[in-house]
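Structure data follow from structure30.cif (mmCIF, C-alpha atoms):
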```cif
data_model
loop_
_atom_site.label_atom_id
_atom_site.label_comp_id
_atom_site.auth_asym_id
_atom_site.auth_seq_id
_atom_site.Cartn_x
_atom_site.Cartn_y
_atom_site.Cartn_z
CA VAL A 290 -29.44 6.38 -17.37
CA GLN A 291 -31.07 5.96 -13.95
CA LEU A 292 -29.57 4.32 -10.88
CA GLN A 293 -31.19 2.41 -8.03
CA ALA A 294 -29.08 1.62 -4.98
CA SER A 295 -30.08 -1.14 -2.58
CA GLY A 296 -28.71 -3.56 -0.03
CA GLY A 297 -28.34 -1.32 2.98
CA GLY A 298 -29.47 -2.27 6.44
CA LEU A 299 -28.72 -2.45 10.15
CA VAL A 300 -25.75 -4.61 11.01
CA GLN A 301 -23.36 -5.12 13.90
CA PRO A 302 -19.70 -4.11 13.90
CA GLY A 303 -17.63 -6.67 12.03
CA ASP A 304 -20.50 -7.73 9.79
CA SER A 305 -20.64 -7.51 5.99
CA LEU A 306 -23.04 -6.00 3.50
CA ARG A 307 -23.12 -5.89 -0.28
CA LEU A 308 -24.65 -2.83 -1.86
CA THR A 309 -26.07 -3.06 -5.35
CA CYS A 310 -26.43 -0.29 -7.92
CA ALA A 311 -28.83 -1.24 -10.71
CA ALA A 312 -28.79 0.91 -13.85
CA SER A 313 -31.49 1.36 -16.44
CA GLY A 314 -31.69 3.40 -19.62
CA GLN A 315 -28.46 4.23 -21.45
CA SER A 316 -25.47 1.92 -21.35
CA PHE A 317 -24.11 1.51 -17.82
CA SER A 318 -20.86 0.16 -19.24
CA ALA A 319 -20.03 3.50 -20.85
CA TYR A 320 -19.37 5.17 -17.48
CA ASN A 321 -17.05 5.01 -14.52
CA LEU A 322 -18.78 3.85 -11.33
CA GLY A 323 -18.45 5.53 -7.97
CA TRP A 324 -19.81 5.10 -4.44
CA PHE A 325 -20.17 7.97 -2.00
CA ARG A 326 -21.64 8.25 1.46
CA GLN A 327 -23.10 10.91 3.68
CA ALA A 328 -23.44 10.69 7.43
CA PRO A 329 -25.86 12.95 9.35
CA GLY A 330 -24.46 16.46 9.65
CA LYS A 331 -21.49 15.70 7.43
CA GLU A 332 -20.51 16.38 3.86
CA ARG A 333 -20.91 13.71 1.21
CA GLU A 334 -17.62 11.86 0.90
CA PHE A 335 -15.97 9.60 -1.63
CA VAL A 336 -15.83 5.89 -0.83
CA ALA A 337 -14.72 4.00 -3.94
CA ALA A 338 -14.62 4.19 -7.72
CA LEU A 339 -14.01 1.87 -10.63
CA ARG A 340 -13.07 2.93 -14.12
CA ARG A 341 -15.05 1.68 -17.05
CA ARG A 342 -11.83 0.90 -18.92
CA GLY A 343 -8.96 -1.01 -17.40
CA GLY A 344 -10.61 -1.79 -14.12
CA THR A 345 -8.59 0.71 -12.09
CA THR A 346 -10.03 1.12 -8.61
CA TYR A 347 -9.84 3.95 -6.11
CA TYR A 348 -10.67 3.84 -2.40
CA ARG A 349 -10.68 6.25 0.49
CA ASP A 350 -8.01 5.25 2.98
CA SER A 351 -10.42 4.28 5.74
CA VAL A 352 -12.06 1.55 3.66
CA LYS A 353 -9.02 0.10 1.92
CA GLY A 354 -8.76 -3.62 2.59
CA ARG A 355 -12.38 -3.78 3.80
CA PHE A 356 -14.46 -2.58 0.84
CA THR A 357 -14.38 -3.85 -2.73
CA ILE A 358 -16.02 -2.13 -5.69
CA SER A 359 -16.98 -4.17 -8.73
CA ARG A 360 -19.34 -4.16 -11.68
CA ASP A 361 -21.11 -6.56 -14.00
CA ASN A 362 -21.67 -4.70 -17.24
CA ALA A 363 -23.70 -7.56 -18.69
CA LYS A 364 -26.22 -6.99 -15.90
CA ASP A 365 -25.87 -3.18 -15.84
CA THR A 366 -25.09 -3.49 -12.15
CA GLY A 367 -22.43 -2.22 -9.79
CA TYR A 368 -21.56 -3.47 -6.33
CA LEU A 369 -19.86 -2.39 -3.15
CA GLN A 370 -18.86 -5.30 -0.92
CA MET A 371 -18.31 -4.01 2.59
CA ASN A 372 -16.59 -6.24 5.13
CA SER A 373 -15.53 -5.64 8.72
CA LEU A 374 -18.00 -2.82 9.04
CA LYS A 375 -17.43 -0.21 11.72
CA PRO A 376 -19.82 2.25 13.38
CA GLU A 377 -18.09 5.08 11.52
CA ASP A 378 -19.25 3.51 8.24
CA THR A 379 -22.81 4.45 9.14
CA ALA A 380 -24.20 6.69 6.40
CA VAL A 381 -26.46 6.87 3.41
CA TYR A 382 -24.57 5.34 0.50
CA TYR A 383 -25.01 6.60 -3.05
CA CYS A 384 -23.86 5.15 -6.33
CA ALA A 385 -22.98 7.48 -9.18
CA LEU A 386 -21.59 7.51 -12.70
CA SER A 387 -18.94 9.74 -14.25
CA PRO A 388 -17.81 10.10 -17.85
CA THR A 389 -14.89 8.00 -19.00
CA SER A 390 -12.94 11.22 -19.63
CA THR A 391 -12.75 11.90 -15.87
CA ILE A 392 -9.12 12.37 -14.84
CA THR A 393 -7.69 10.57 -11.83
CA SER A 394 -7.81 13.48 -9.39
CA GLU A 395 -11.45 14.09 -10.24
CA MET A 396 -12.47 10.49 -9.61
CA TYR A 397 -12.54 11.32 -5.88
CA SER A 398 -14.84 14.31 -6.30
CA ALA A 399 -18.62 14.19 -6.33
CA LEU A 400 -18.54 17.04 -8.84
CA ALA A 401 -17.26 14.67 -11.54
CA TYR A 402 -20.32 12.43 -11.27
CA ASN A 403 -23.38 13.53 -13.18
CA VAL A 404 -25.73 10.60 -12.58
CA TRP A 405 -26.79 9.68 -9.04
CA GLY A 406 -28.92 7.02 -7.40
CA GLN A 407 -31.26 7.73 -4.49
CA GLY A 408 -29.14 6.27 -1.68
CA THR A 409 -29.41 3.35 0.69
CA GLN A 410 -28.99 3.55 4.47
CA VAL A 411 -26.24 1.58 6.16
CA THR A 412 -26.24 1.53 9.95
CA VAL A 413 -23.53 -0.22 11.91
CA SER A 414 -24.38 -0.49 15.57
CA SER A 415 -24.19 -2.98 18.41
#
```

Represent the structure contained in this file as structure tokens.
Amino acid sequence: VQLQASGGGLVQPGDSLRLTCAASGQSFSAYNLGWFRQAPGKEREFVAALRRRGGTTYYRDSVKGRFTISRDNAKDTGYLQMNSLKPEDTAVYYCALSPTSTITSEMYSALAYNVWGQGTQVTVSS
């Protein structure tokens, strides 16, 4: 399976963006979906994840209540709705897939994800 992330851009604080992760190849619905981000000079960090089964979601504390992860398996597409954006959300955002066997503690780790998209830049600035 291959992933293509899109939807990034330059926005002002308080604005919204919706990132899209389009999958091709093997079945997107067979995997858990995750979003990560990496700011200049910083490590890649977990943002949100959504299990393939059951719909359980996971978020980093700083985006809870502002970001929503979702997926449309019929369209082989994942989404990250980002509201009330802040300058500290500025980063390259990556979507990724992990096996359904991934345990909860590993859902937050980039090491559990073995398929990655190319990233889309999100810049929040006034």

Report task. Run the PyMOL selection byres ((chain A and resi 349) around 12) on the file and write out the hits as an NGL selection string. Result -> :A and (323-326 or 334-338 or 346-348 or 350-358 or 378 or 396-398)

Requested in this report: Excluding Ser415 (chain A) and residues on its chain fewer than 4 positions from it, collect all residues at most 12 Å away from it, counting all atoms listed in the file, and give them as an MDAnalysis selection string.
Outcome: chainID A and resid 299:304 374:376 379

Requested in this report: Identify, on the basis of all atoms listed in the file, every residue whose closest approach to Arg340 (chain A) does not exceed 8 Å; exclude the query and any residue fewer than 6 positions from it along the same chain; express the result as a PyMOL selection string.
Outcome: chain A and resi 320-322+346+389

Just write the chosen residues, C-alpha atoms, as a compact mmCIF listing (two decimals), in the coordinates of the input.
```txt
# COMPACT_ATOMS: atom_id res chain seq x y z
CA TYR A 320 -19.37 5.17 -17.48
CA ASN A 321 -17.05 5.01 -14.52
CA LEU A 322 -18.78 3.85 -11.33
CA THR A 346 -10.03 1.12 -8.61
CA THR A 389 -14.89 8.00 -19.00
```

Query - Using all atoms listed in the file: which of A:Gly330, A:Gly297, A:Ala399, A:Val404 has the shortest distance to Gly314 (chain A) - result: A:Val404

Query raised in the report: What is the distance, in Å and to one decimal place, between CA of Tyr402 (chain A) and CA of Leu306 (chain A)?
Result: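 Result for CA of Tyr402 (chain A) versus CA of Leu306 (chain A): 23.8 Å, one decimal.
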
Query - Nearest residue to Ser390 (chain A) from the set A:Ala311, A:Ala294, A:Leu369, A:Ala319 (distances using all atoms listed in the file) - result: A:Ala319

Report summary line: re CA of Gly408 (chain A) and CA of Leu386 (chain A): distance 13.4 Å

Query raised in the report: Looking at A:Gly298, A:Thr345, A:Ala380, A:Tyr368, which one is nearest to Ile392 (chain A), with distances taken over all atoms listed in the file?
Result: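 Among the listed residues, A:Thr345 lies closest to Ile392 (chain A).
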
Query raised in the report: A:Leu339, A:Ala401, A:Cys384, A:Val413: which is nearest Cys310 (chain A), counting all atoms listed in the file?
Result: A:Cys384

Query raised in the report: Separation of CA of Val290 (chain A) and CA of Ser305 (chain A), in Å?
Result: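 For CA of Val290 (chain A) relative to CA of Ser305 (chain A), the distance reads 28.6 Å.
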
Query raised in the report: Nearest to Asn362 (chain A) among A:Thr309, A:Thr412, A:Ser318, A:Gln293, with distances taken over only C-alpha atoms: which residue is it?
Result: A:Ser318

Report summary line: Among A:Lys364, A:Arg341, A:Gln370, A:Thr409, Thr391 (chain A) is approached most closely, using only C-alpha atoms, by A:Arg341

Could you rebuild region 306-317 of chain A with all heavy atoms and give me the result as an mmCIF file, in the frame of the given file?
```
data_model
loop_
_atom_site.group_PDB
_atom_site.id
_atom_site.type_symbol
_atom_site.label_atom_id
_atom_site.label_comp_id
_atom_site.auth_asym_id
_atom_site.auth_seq_id
_atom_site.Cartn_x
_atom_site.Cartn_y
_atom_site.Cartn_z
ATOM 1 N N LEU A 306 -21.892 -6.326 4.335
ATOM 2 C CA LEU A 306 -23.040 -6.000 3.500
ATOM 3 C C LEU A 306 -22.550 -5.870 2.061
ATOM 4 O O LEU A 306 -21.408 -5.464 1.834
ATOM 5 C CB LEU A 306 -23.682 -4.677 3.900
ATOM 6 C CG LEU A 306 -24.671 -4.623 5.051
ATOM 7 C CD1 LEU A 306 -25.098 -3.186 5.315
ATOM 8 C CD2 LEU A 306 -25.895 -5.487 4.768
ATOM 9 N N ARG A 307 -23.429 -6.160 1.116
ATOM 10 C CA ARG A 307 -23.120 -5.890 -0.280
ATOM 11 C C ARG A 307 -24.182 -4.945 -0.827
ATOM 12 O O ARG A 307 -25.376 -5.300 -0.865
ATOM 13 C CB ARG A 307 -23.069 -7.150 -1.125
ATOM 14 C CG ARG A 307 -22.556 -6.858 -2.545
ATOM 15 C CD ARG A 307 -22.409 -8.096 -3.397
ATOM 16 N NE ARG A 307 -23.663 -8.579 -3.920
ATOM 17 C CZ ARG A 307 -23.769 -9.372 -4.986
ATOM 18 N NH1 ARG A 307 -22.671 -9.759 -5.637
ATOM 19 N NH2 ARG A 307 -24.952 -9.795 -5.393
ATOM 20 N N LEU A 308 -23.755 -3.783 -1.234
ATOM 21 C CA LEU A 308 -24.650 -2.830 -1.860
ATOM 22 C C LEU A 308 -24.691 -3.076 -3.359
ATOM 23 O O LEU A 308 -23.689 -3.430 -3.968
ATOM 24 C CB LEU A 308 -24.187 -1.399 -1.588
ATOM 25 C CG LEU A 308 -24.014 -1.003 -0.131
ATOM 26 C CD1 LEU A 308 -23.663 0.481 -0.022
ATOM 27 C CD2 LEU A 308 -25.242 -1.338 0.692
ATOM 28 N N THR A 309 -25.863 -2.868 -3.924
ATOM 29 C CA THR A 309 -26.070 -3.060 -5.350
ATOM 30 C C THR A 309 -26.543 -1.758 -5.980
ATOM 31 O O THR A 309 -27.343 -1.029 -5.392
ATOM 32 C CB THR A 309 -27.107 -4.162 -5.604
ATOM 33 O OG1 THR A 309 -26.614 -5.397 -5.080
ATOM 34 C CG2 THR A 309 -27.379 -4.330 -7.082
ATOM 35 N N CYS A 310 -26.039 -1.479 -7.163
ATOM 36 C CA CYS A 310 -26.430 -0.290 -7.920
ATOM 37 C C CYS A 310 -26.922 -0.774 -9.279
ATOM 38 O O CYS A 310 -26.114 -1.164 -10.132
ATOM 39 C CB CYS A 310 -25.243 0.641 -8.074
ATOM 40 S SG CYS A 310 -25.581 2.138 -9.039
ATOM 41 N N ALA A 311 -28.235 -0.765 -9.469
ATOM 42 C CA ALA A 311 -28.830 -1.240 -10.710
ATOM 43 C C ALA A 311 -29.091 -0.052 -11.634
ATOM 44 O O ALA A 311 -29.706 0.933 -11.223
ATOM 45 C CB ALA A 311 -30.129 -1.975 -10.422
ATOM 46 N N ALA A 312 -28.630 -0.173 -12.877
ATOM 47 C CA ALA A 312 -28.790 0.910 -13.850
ATOM 48 C C ALA A 312 -29.821 0.550 -14.899
ATOM 49 O O ALA A 312 -29.979 -0.612 -15.269
ATOM 50 C CB ALA A 312 -27.453 1.196 -14.517
ATOM 51 N N SER A 313 -30.523 1.554 -15.360
ATOM 52 C CA SER A 313 -31.490 1.360 -16.440
ATOM 53 C C SER A 313 -31.372 2.539 -17.400
ATOM 54 O O SER A 313 -30.926 3.617 -17.021
ATOM 55 C CB SER A 313 -32.914 1.257 -15.899
ATOM 56 O OG SER A 313 -33.266 2.436 -15.210
ATOM 57 N N GLY A 314 -31.767 2.330 -18.632
ATOM 58 C CA GLY A 314 -31.690 3.400 -19.620
ATOM 59 C C GLY A 314 -30.474 3.229 -20.511
ATOM 60 O O GLY A 314 -30.273 2.170 -21.079
ATOM 61 N N GLN A 315 -29.653 4.274 -20.597
ATOM 62 C CA GLN A 315 -28.460 4.230 -21.450
ATOM 63 C C GLN A 315 -27.442 3.248 -20.891
ATOM 64 O O GLN A 315 -27.549 2.790 -19.769
ATOM 65 C CB GLN A 315 -27.842 5.622 -21.551
ATOM 66 C CG GLN A 315 -28.749 6.634 -22.202
ATOM 67 C CD GLN A 315 -28.103 7.992 -22.265
ATOM 68 O OE1 GLN A 315 -26.891 8.121 -22.231
ATOM 69 N NE2 GLN A 315 -28.912 9.026 -22.355
ATOM 70 N N SER A 316 -26.419 2.962 -21.685
ATOM 71 C CA SER A 316 -25.470 1.920 -21.350
ATOM 72 C C SER A 316 -24.650 2.234 -20.101
ATOM 73 O O SER A 316 -23.851 3.156 -20.069
ATOM 74 C CB SER A 316 -24.524 1.689 -22.528
ATOM 75 O OG SER A 316 -23.591 0.689 -22.209
ATOM 76 N N PHE A 317 -24.851 1.419 -19.081
ATOM 77 C CA PHE A 317 -24.110 1.510 -17.820
ATOM 78 C C PHE A 317 -22.613 1.347 -18.070
ATOM 79 O O PHE A 317 -21.782 1.992 -17.439
ATOM 80 C CB PHE A 317 -24.650 0.442 -16.888
ATOM 81 C CG PHE A 317 -23.867 0.220 -15.640
ATOM 82 C CD1 PHE A 317 -23.996 1.096 -14.577
ATOM 83 C CD2 PHE A 317 -23.038 -0.871 -15.506
ATOM 84 C CE1 PHE A 317 -23.295 0.885 -13.404
ATOM 85 C CE2 PHE A 317 -22.342 -1.099 -14.347
ATOM 86 C CZ PHE A 317 -22.464 -0.217 -13.284
#
```
